[in-house]
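*Asks:* Have a look at the structure that comes next, please.
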Amino acid sequence: MAAPQVSGDKTPRTERGRKTLRKLLDAAAQEFAEKGFHEASISGITRSAGVALGSFYTYFDSKDAIFRALVSDMSNGVAAAAREALDPAMDALEIEREALRAFLEFAGEHKEIYRIIDEAEFVDPESYRTHYETIGLRIEERLQRGGESGALAPGLGTPEAWALMGMNVFLGLRYVIWAREGDPDFAEIARRANALLATGIAPGPKS
């Protein structure tokens, strides 16, 4: 997971503080995933993290605050996973394939992301919207660069980026959250999705 962050004067200034913050966010992910926002508790988070209850307030003012931070932390984790998987030498289609594979692997390691992000729609709509708008913008920028280089069709923009994001999100839902025995591995799923981007679903020209 990416380095944890909080806002304002609660940002830890020591390595020990950063480790404590990381423990709290990881524990919060499990608490919210298992119980949902309304049933989750600060005491449950601190017990799971092995942190004193009073230490929680060094970093967060409330349960709402750690939930918002967790949504941001997960968004940053998705972005970091994609960055680590990409190579500047890749062409535009390879980038989309590897970004999807990296997302599936990240979601496989952090399955709680689906419940927490979905719950954010009602608990903190601003964080929910920011999560998807930020991802959509990253994809849109990649598509535009691909169009400018000639590797992708010109003129790709927001609708195409959100369509691609939707495909990725629901592939994660089906093959990570609802995984079944005999499913293809993540690399194969990413390859097939990439082939769809490259050729579409219409039949090729008749000979």
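Letters for chains follow the order of the structure tokens (A, B, ...), residue numbers begin at 1 for each chain, and ligand numbers begin at 1 in the order shown.
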Need to verify the contact set: Thr46 (chain A), 12 Å, only C-alpha atoms, exclusion of same-chain residues closer than 5 positions in sequence. Can you return it as a tab-separated table (two decimals) with C-alpha atoms, in the first residue's frame?
*Replies:*
```
chain	number	residue	atom	x	y	z
A	20	THR	CA	1.39	3.68	13.69
A	21	LEU	CA	-0.70	5.50	11.11
A	22	ARG	CA	-0.25	2.59	8.72
A	23	LYS	CA	-1.40	0.15	11.41
A	24	LEU	CA	-4.50	2.23	12.08
A	25	LEU	CA	-5.46	2.46	8.41
A	26	ASP	CA	-4.90	-1.26	7.84
A	27	ALA	CA	-6.97	-2.09	10.91
A	28	ALA	CA	-9.67	0.34	9.80
A	29	ALA	CA	-9.84	-1.38	6.42
A	30	GLN	CA	-10.62	-4.68	8.10
A	31	GLU	CA	-13.03	-3.17	10.62
A	40	ALA	CA	-17.46	-0.29	13.09
A	41	SER	CA	-15.91	1.40	16.11
A	51	VAL	CA	-2.59	0.89	19.40
A	52	ALA	CA	-3.76	2.76	22.51
A	53	LEU	CA	-7.17	4.37	22.12
A	54	GLY	CA	-5.73	7.78	22.92
A	55	SER	CA	-3.21	7.44	20.12
A	56	PHE	CA	-6.03	7.31	17.58
A	57	TYR	CA	-6.76	10.98	18.17
A	59	TYR	CA	-4.01	11.15	13.78
A	60	PHE	CA	-7.80	11.37	13.42
A	63	LYS	CA	-14.46	7.64	12.77
A	66	ILE	CA	-10.32	7.81	9.37
```
*Asks:* Could you check the closest approach to Pro125 (chain A) for each of A:Arg83, A:Arg101, A:Arg174, A:Arg68 and tell me which residue wins, using only C-alpha atoms?
*Replies:*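 Of all the options, A:Arg68 lies closest to Pro125 (chain A).
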*Asks:* With only C-alpha atoms as the atoms that count, which of A:Glu140, A:Glu39, A:Glu126, A:Asp185 lies nearest to Ser72 (chain A)?
*Replies:*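 Once distances to Ser72 (chain A) are computed over only C-alpha atoms, the minimum belongs to A:Glu126.
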*Asks:* Can you tell me, as a PDB file with C-alpha atoms, in the first residue's frame, what residues are no more than 7 Å from Ala82 (chain A) when counting only C-alpha atoms, ignoring any on the same chain fewer than 3 positions away?
*Replies:*
```
ATOM      1  CA  VAL A  78      -4.479   1.758  -6.786  1.00  0.00           C
ATOM      2  CA  ALA A  79      -2.471   4.545  -8.406  1.00  0.00           C
ATOM      3  CA  ALA A  85       3.523  -1.984 -13.225  1.00  0.00           C
ATOM      4  CA  LEU A  86       4.112   0.457 -16.070  1.00  0.00           C
ATOM      5  CA  ALA A  99      -2.679  -1.172 -15.531  1.00  0.00           C
ATOM      6  CA  ALA A 102      -2.021  -4.376 -11.588  1.00  0.00           C
ATOM      7  CA  PHE A 103      -5.470  -3.268 -10.432  1.00  0.00           C
TER       8      PHE A 103
END
```
*Asks:* Of the candidates A:Arg13, A:Glu133, A:Leu104, A:Gly204, which shows the shortest atom-to-atom distance to Tyr175 (chain A), using only C-alpha atoms?
*Replies:*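 Smallest separation from Tyr175 (chain A) among the options: A:Leu104.
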*Asks:* Between CA of Glu84 (chain A) and CA of Ile116 (chain A), what is the distance, to one decimal in Å?
*Replies:*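 Answer for the CA of Glu84 (chain A) to CA of Ile116 (chain A) separation: 23.5 Å.
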